[in-house]
file input-v2.cif (mmCIF, C-alpha atoms)
data_work
loop_
_atom_site.label_atom_id
_atom_site.label_comp_id
_atom_site.auth_asym_id
_atom_site.auth_seq_id
_atom_site.Cartn_x
_atom_site.Cartn_y
_atom_site.Cartn_z
CA MET T 31 -20.63 -8.87 -12.26
CA ALA T 32 -18.33 -6.90 -10.01
CA ASN T 33 -19.59 -5.69 -6.65
CA PRO T 34 -20.10 -1.92 -7.05
CA TRP T 35 -18.86 -1.23 -3.51
CA LEU T 36 -15.70 -3.20 -4.19
CA GLU T 37 -15.11 -1.31 -7.44
CA ALA T 38 -15.68 2.02 -5.66
CA PHE T 39 -12.99 1.14 -3.12
CA ARG T 40 -10.66 -0.21 -5.81
CA TYR T 41 -11.09 3.11 -7.62
CA ASN T 42 -10.43 5.02 -4.39
CA LYS T 43 -7.18 3.12 -3.80
CA TRP T 44 -6.11 3.43 -7.46
CA ALA T 45 -6.74 7.19 -7.50
CA ASN T 46 -4.94 7.74 -4.17
CA LEU T 47 -1.89 5.82 -5.35
CA LYS T 48 -1.87 7.52 -8.74
CA LEU T 49 -2.00 10.96 -7.11
CA LEU T 50 0.74 10.02 -4.64
CA ASP T 51 2.88 8.85 -7.57
CA VAL T 52 2.38 12.23 -9.28
CA CYS T 53 3.18 14.09 -6.08
CA GLY T 54 6.20 11.88 -5.43
CA ARG T 55 7.88 13.65 -8.35
CA LEU T 56 7.32 17.12 -6.87
CA SER T 57 10.01 19.12 -5.12
CA GLU T 58 9.71 20.01 -1.43
CA GLN T 59 8.85 23.54 -2.52
CA GLN T 60 6.07 22.30 -4.81
CA LEU T 61 4.63 20.16 -2.00
CA GLN T 62 4.09 23.42 -0.09
CA LEU T 63 1.92 24.94 -2.84
CA THR T 64 -1.67 25.75 -1.97
CA SER T 65 -4.66 27.49 -3.48
CA PRO T 66 -7.67 29.36 -2.07
CA GLY T 67 -10.59 27.08 -1.33
CA THR T 68 -8.51 23.95 -0.78
CA TYR T 69 -7.62 22.11 2.44
CA GLY T 70 -4.08 23.50 2.61
CA THR T 71 -0.74 22.67 1.06
CA ILE T 72 -0.35 19.62 -1.15
CA ALA T 73 1.68 17.95 1.61
CA ALA T 74 -0.89 18.71 4.33
CA THR T 75 -3.77 17.55 2.13
CA LEU T 76 -2.12 14.24 1.25
CA HIS T 77 -1.23 13.65 4.90
CA HIS T 78 -4.84 14.38 5.93
CA LEU T 79 -6.26 12.19 3.16
CA VAL T 80 -4.33 9.07 4.18
CA ALA T 81 -4.62 9.64 7.95
CA ALA T 82 -8.39 10.09 7.69
CA GLU T 83 -8.71 6.88 5.67
CA GLN T 84 -7.05 5.05 8.55
CA ARG T 85 -9.54 6.57 11.00
CA TYR T 86 -12.47 5.36 8.85
CA ILE T 87 -10.99 1.86 8.99
CA LYS T 88 -10.84 2.00 12.79
CA ARG T 89 -14.46 3.19 12.94
CA LEU T 90 -15.41 0.07 10.97
CA GLY T 91 -13.59 -2.25 13.37
CA GLY T 92 -10.26 -2.39 11.55
CA SER T 93 -6.73 -1.56 12.63
CA LYS T 94 -5.65 1.42 14.70
CA PRO T 95 -4.45 4.48 12.72
CA GLN T 96 -0.70 4.78 12.29
CA LEU T 97 -0.73 8.36 10.98
CA SER T 98 -1.81 11.62 12.57
CA GLU T 99 -1.92 15.08 11.04
CA ARG T 100 -0.49 16.32 14.33
CA SER T 101 2.78 14.60 13.39
CA GLU T 102 5.33 15.95 10.96
CA PHE T 103 4.72 15.28 7.26
CA PRO T 104 6.26 11.84 6.72
CA GLY T 105 6.99 12.28 3.00
CA VAL T 106 5.12 11.12 -0.06
CA ALA T 107 6.83 7.72 -0.25
CA THR T 108 5.78 6.88 3.31
CA LEU T 109 2.24 8.10 2.67
CA ARG T 110 2.11 5.87 -0.41
CA GLU T 111 3.06 2.82 1.67
CA HIS T 112 0.30 3.68 4.16
CA ALA T 113 -2.22 4.29 1.35
CA GLU T 114 -1.42 0.92 -0.22
CA ARG T 115 -2.14 -0.87 3.06
CA SER T 116 -5.12 1.24 4.11
CA GLY T 117 -6.67 0.97 0.63
CA ASP T 118 -6.58 -2.82 0.92
CA GLU T 119 -7.88 -2.83 4.48
CA LEU T 120 -10.66 -0.37 3.70
CA MET T 121 -11.91 -2.68 0.95
CA THR T 122 -11.87 -5.62 3.35
CA VAL T 123 -13.63 -3.97 6.27
CA ALA T 124 -16.15 -2.04 4.16
CA LEU T 125 -17.31 -5.25 2.52
CA ARG T 126 -17.30 -7.21 5.79
CA VAL T 127 -19.44 -4.90 7.94
CA ASN T 128 -23.19 -4.67 7.86
CA PRO T 129 -23.94 -1.07 6.77
CA ASP T 130 -27.06 -1.04 8.97
CA GLU T 131 -25.16 -1.89 12.16
CA THR T 132 -24.02 0.92 14.42
CA THR T 133 -21.12 1.81 16.64
CA GLN T 134 -20.42 4.56 19.12
CA ASP T 135 -18.18 7.35 17.92
CA VAL T 136 -16.64 10.22 19.84
CA ALA T 137 -16.80 13.26 17.59
CA GLY T 138 -14.04 15.84 17.34
CA GLU T 139 -16.53 18.56 18.28
CA GLY T 140 -17.34 16.70 21.48
CA GLY T 141 -19.97 14.21 22.47
CA THR T 142 -20.60 10.58 21.70
CA TYR T 143 -22.75 9.59 18.75
CA VAL T 144 -24.34 6.42 17.42
CA VAL T 145 -23.09 6.04 13.86
CA SER T 146 -24.41 3.62 11.25
CA HIS T 147 -21.58 1.77 9.51
CA TRP T 148 -22.72 3.07 6.13
CA VAL T 149 -21.64 6.59 7.17
CA PRO T 150 -17.84 6.03 7.31
CA ILE T 151 -18.09 3.80 4.23
CA VAL T 152 -19.69 6.53 2.13
CA GLN T 153 -17.58 9.25 3.78
CA ALA T 154 -14.35 7.43 2.87
CA ILE T 155 -15.25 7.58 -0.83
CA HIS T 156 -16.45 11.19 -0.67
CA HIS T 157 -13.44 12.31 1.37
CA GLY T 158 -10.98 10.78 -1.08
CA ASN T 159 -12.64 12.43 -4.07
CA ASP T 160 -12.87 15.77 -2.31
CA HIS T 161 -9.23 16.01 -1.29
CA ARG T 162 -7.82 14.52 -4.48
CA THR T 163 -9.72 17.30 -6.25
CA HIS T 164 -8.09 19.85 -3.93
CA VAL T 165 -4.61 18.60 -4.82
CA CYS T 166 -5.42 18.51 -8.53
CA THR T 167 -6.72 22.09 -8.31
CA ILE T 168 -3.43 23.22 -6.78
CA LEU T 169 -1.41 21.31 -9.38
CA GLY T 170 -3.48 22.66 -12.27
CA GLN T 171 -3.36 26.25 -11.05
CA ASN T 172 0.41 25.98 -10.94
CA GLY T 173 0.73 24.47 -14.42
CA LEU T 174 1.71 21.01 -13.16
CA ASP T 175 0.33 18.07 -15.13
CA TYR T 176 -1.38 15.36 -13.09
CA GLY T 177 -3.13 13.19 -15.66
CA ASP T 178 -6.66 11.81 -15.42
CA PHE T 179 -8.13 10.55 -12.14
CA ASP T 180 -11.79 10.12 -12.95
CA VAL T 181 -13.73 6.87 -12.85
CA TRP T 182 -13.59 6.55 -16.65
CA ALA T 183 -9.77 6.54 -16.52
CA TYR T 184 -9.88 3.90 -13.80
CA ALA T 185 -12.41 1.85 -15.78
CA ARG T 186 -10.10 1.88 -18.81
CA THR T 187 -7.23 0.50 -16.71
CA ALA T 188 -9.47 -2.01 -14.90
CA GLY T 189 -11.13 -3.38 -18.04
CA GLY T 190 -14.52 -1.87 -17.29
CA TYR T 191 -14.50 0.49 -20.26
CA VAL T 192 -13.08 -1.03 -23.43
CA PRO T 193 -13.45 -0.12 -27.08
CA LEU T 194 -15.87 -2.15 -29.12
CA VAL T 195 -13.89 -4.08 -31.72
CA ASP T 196 -15.56 -4.62 -35.07
CA ALA T 197 -15.05 -8.30 -35.89
CA THR T 198 -15.43 -7.65 -39.64
CA THR T 199 -12.27 -5.51 -39.93
#
call {"tool": "encode", "arguments": {"input": "input-v2.cif", "output": "structure tokens"}}
result
Amino acid sequence: MANPWLEAFRYNKWANLKLLDVCGRLSEQQLQLTSPGTYGTIAATLHHLVAAEQRYIKRLGGSKPQLSERSEFPGVATLREHAERSGDELMTVALRVNPDETTQDVAGEGGTYVVSHWVPIVQAIHHGNDHRTHVCTILGQNGLDYGDFDVWAYARTAGGYVPLVDATT
């Protein structure tokens, strides 16, 4: 049986890459689309999504982030390269750490906190779903097709959801 945590992170990586592939076909003008209630433009949301994933990795003892939202948008192709690497590393570190162990974390709002390792693990999955939904909302509201990103679609591609074949036919 597959490890559910591993499958959750495989799904996260798959969905990030699939969305980046969709957005890689958009024009520069389309990457600047936004919608009320979302993080920002498609470009800003994708940049934030991948940069944050790298920060979660660092919080879990992995590599130092290479992206920052304070920097200029690097382009979808570059984000995809980062997402490929960070997706793999996130799987590795999330499965390696003990979720009950803690680390110190300096929060953006100030102060130092003791954070259980399970927090950035769960947040990484939630954060990816949240911001992929933002981008899909923008795409949908602008009539741009983006396909299917849910877990069922992933399961069909990963062999976890297959049709039952009747052996008598």
call {"tool": "residues_around", "arguments": {"input": "input-v2.cif", "residues": "range 41-51 of chain T", "least_positions_apart": "2", "cutoff": "7 Å", "atoms": "only C-alpha atoms", "output": "list in words"}}
result
Glu37, Ala38, Phe39, Cys53, Gly54, Arg55, Val106, Arg110, Ala113, Gly117, Ile155, Gly158, Phe179, Val181 and Tyr184 of chain T
call {"tool": "closest_residue", "arguments": {"input": "input-v2.cif", "among": "T:Arg162, T:Arg40, T:Arg89, T:His78", "to": "Val149 in chain T", "atoms": "only C-alpha atoms"}}
result
T:Arg89
call {"tool": "resolve_selection", "arguments": {"input": "input-v2.cif", "expression": "the PyMOL selection byres ((chain T and resi 120-131) around 6)", "output": "PyMOL selection string"}}
result
chain T and resi 39+87+116-119+132+146-148
call {"tool": "closest_residue", "arguments": {"input": "input-v2.cif", "among": "T:Val80, T:Leu56, T:Val145, T:Ile151", "to": "Thr133 in chain T", "atoms": "all atoms listed in the file"}}
result
T:Val145
call {"tool": "resolve_selection", "arguments": {"input": "input-v2.cif", "expression": "the PyMOL selection byres ((chain T and resi 69) around 12)", "output": "MDAnalysis selection string"}}
result
chainID T and resid 63:68 70:79 157 160:168
call {"tool": "write_last_selection", "arguments": {"input": "input-v2.cif", "atoms": "C-alpha atoms", "output": "JSON list (two decimals), keeping the file's coordinate frame"}}
result
[["chain", "number", "residue", "atom", "x", "y", "z"],
["T", 63, "LEU", "CA", 1.92, 24.94, -2.84],
["T", 64, "THR", "CA", -1.67, 25.75, -1.97],
["T", 65, "SER", "CA", -4.66, 27.49, -3.48],
["T", 66, "PRO", "CA", -7.67, 29.36, -2.07],
["T", 67, "GLY", "CA", -10.59, 27.08, -1.33],
["T", 68, "THR", "CA", -8.51, 23.95, -0.78],
["T", 70, "GLY", "CA", -4.08, 23.50, 2.61],
["T", 71, "THR", "CA", -0.74, 22.67, 1.06],
["T", 72, "ILE", "CA", -0.35, 19.62, -1.15],
["T", 73, "ALA", "CA", 1.68, 17.95, 1.61],
["T", 74, "ALA", "CA", -0.89, 18.71, 4.33],
["T", 75, "THR", "CA", -3.77, 17.55, 2.13],
["T", 76, "LEU", "CA", -2.12, 14.24, 1.25],
["T", 77, "HIS", "CA", -1.23, 13.65, 4.90],
["T", 78, "HIS", "CA", -4.84, 14.38, 5.93],
["T", 79, "LEU", "CA", -6.26, 12.19, 3.16],
["T", 157, "HIS", "CA", -13.44, 12.31, 1.37],
["T", 160, "ASP", "CA", -12.87, 15.77, -2.31],
["T", 161, "HIS", "CA", -9.23, 16.01, -1.29],
["T", 162, "ARG", "CA", -7.82, 14.52, -4.48],
["T", 163, "THR", "CA", -9.72, 17.30, -6.25],
["T", 164, "HIS", "CA", -8.09, 19.85, -3.93],
["T", 165, "VAL", "CA", -4.61, 18.60, -4.82],
["T", 166, "CYS", "CA", -5.42, 18.51, -8.53],
["T", 167, "THR", "CA", -6.72, 22.09, -8.31],
["T", 168, "ILE", "CA", -3.43, 23.22, -6.78]]
call {"tool": "residues_around", "arguments": {"input": "input-v2.cif", "residues": "range 91-102 of chain T", "least_positions_apart": "5", "cutoff": "6 Å", "atoms": "only C-alpha atoms", "output": "list in words"}}
result
His78, Ala81, Gln84 and Arg85 of chain T
call {"tool": "atom_distance", "arguments": {"input": "input-v2.cif", "atom1": "CA of Val152 in chain T", "atom2": "CA of Ala107 in chain T"}}
result
26.7 Å
call {"tool": "axis_aligned_box", "arguments": {"input": "input-v2.cif", "around": "range 154-166 of chain T", "padding_each_side": "5 Å", "output": "AutoDock Vina command-line options"}}
result
--center_x -10.5 --center_y 13.6 --center_z -2.8 --size_x 21.8 --size_y 22.4 --size_z 21.4
call {"tool": "atom_distance", "arguments": {"input": "input-v2.cif", "atom1": "CA of Gln62 in chain T", "atom2": "CA of Glu114 in chain T"}}
result
23.2 Å
call {"tool": "atom_distance", "arguments": {"input": "input-v2.cif", "atom1": "CA of Trp182 in chain T", "atom2": "CA of His112 in chain T"}}
result
25.2 Å
call {"tool": "closest_residue", "arguments": {"input": "input-v2.cif", "among": "T:Ala137, T:Val195, T:Arg186, T:Leu174", "to": "Ser57 in chain T", "atoms": "only C-alpha atoms"}}
result
T:Leu174
call {"tool": "closest_residue", "arguments": {"input": "input-v2.cif", "among": "T:Leu36, T:Ala188, T:Leu194, T:Leu169", "to": "Leu61 in chain T", "atoms": "all atoms listed in the file"}}
result
T:Leu169
call {"tool": "decode", "arguments": {"input": "input-v2.cif", "residues": "range 66-82 of chain T", "atoms": "N, CA and C atoms", "output": "mmCIF file, in the first residue's frame"}}
result
data_model
loop_
_atom_site.group_PDB
_atom_site.id
_atom_site.type_symbol
_atom_site.label_atom_id
_atom_site.label_comp_id
_atom_site.auth_asym_id
_atom_site.auth_seq_id
_atom_site.Cartn_x
_atom_site.Cartn_y
_atom_site.Cartn_z
ATOM 1 N N PRO T 66 -11.379 39.111 -8.165
ATOM 2 C CA PRO T 66 -11.617 39.410 -6.745
ATOM 3 C C PRO T 66 -11.602 38.133 -5.907
ATOM 4 N N GLY T 67 -11.005 38.253 -4.736
ATOM 5 C CA GLY T 67 -10.967 37.123 -3.817
ATOM 6 C C GLY T 67 -9.799 36.182 -4.007
ATOM 7 N N THR T 68 -8.931 36.467 -4.979
ATOM 8 C CA THR T 68 -7.758 35.617 -5.198
ATOM 9 C C THR T 68 -6.507 36.341 -4.703
ATOM 10 N N TYR T 69 -5.392 35.655 -4.704
ATOM 11 C CA TYR T 69 -4.131 36.197 -4.197
ATOM 12 C C TYR T 69 -3.692 37.428 -4.976
ATOM 13 N N GLY T 70 -3.828 37.392 -6.280
ATOM 14 C CA GLY T 70 -3.366 38.477 -7.153
ATOM 15 C C GLY T 70 -3.418 38.006 -8.587
ATOM 16 N N THR T 71 -2.476 38.457 -9.388
ATOM 17 C CA THR T 71 -2.434 38.019 -10.782
ATOM 18 C C THR T 71 -2.032 36.546 -10.848
ATOM 19 N N ILE T 72 -2.262 35.951 -12.002
ATOM 20 C CA ILE T 72 -1.816 34.567 -12.197
ATOM 21 C C ILE T 72 -0.310 34.480 -11.964
ATOM 22 N N ALA T 73 0.445 35.405 -12.555
ATOM 23 C CA ALA T 73 1.902 35.385 -12.414
ATOM 24 C C ALA T 73 2.317 35.498 -10.952
ATOM 25 N N ALA T 74 1.740 36.450 -10.224
ATOM 26 C CA ALA T 74 2.109 36.650 -8.816
ATOM 27 C C ALA T 74 1.731 35.432 -7.975
ATOM 28 N N THR T 75 0.598 34.826 -8.269
ATOM 29 C CA THR T 75 0.154 33.665 -7.494
ATOM 30 C C THR T 75 1.072 32.472 -7.725
ATOM 31 N N LEU T 76 1.443 32.224 -8.965
ATOM 32 C CA LEU T 76 2.353 31.115 -9.266
ATOM 33 C C LEU T 76 3.711 31.339 -8.613
ATOM 34 N N HIS T 77 4.203 32.567 -8.689
ATOM 35 C CA HIS T 77 5.488 32.909 -8.076
ATOM 36 C C HIS T 77 5.433 32.649 -6.568
ATOM 37 N N HIS T 78 4.368 33.110 -5.934
ATOM 38 C CA HIS T 78 4.168 32.913 -4.494
ATOM 39 C C HIS T 78 4.056 31.429 -4.147
ATOM 40 N N LEU T 79 3.315 30.688 -4.927
ATOM 41 C CA LEU T 79 3.110 29.260 -4.680
ATOM 42 C C LEU T 79 4.437 28.510 -4.618
ATOM 43 N N VAL T 80 5.287 28.718 -5.617
ATOM 44 C CA VAL T 80 6.553 27.977 -5.687
ATOM 45 C C VAL T 80 7.554 28.505 -4.658
ATOM 46 N N ALA T 81 7.609 29.818 -4.466
ATOM 47 C CA ALA T 81 8.534 30.379 -3.477
ATOM 48 C C ALA T 81 8.181 29.902 -2.067
ATOM 49 N N ALA T 82 6.898 29.874 -1.752
ATOM 50 C CA ALA T 82 6.472 29.415 -0.420
ATOM 51 C C ALA T 82 6.825 27.949 -0.214
#
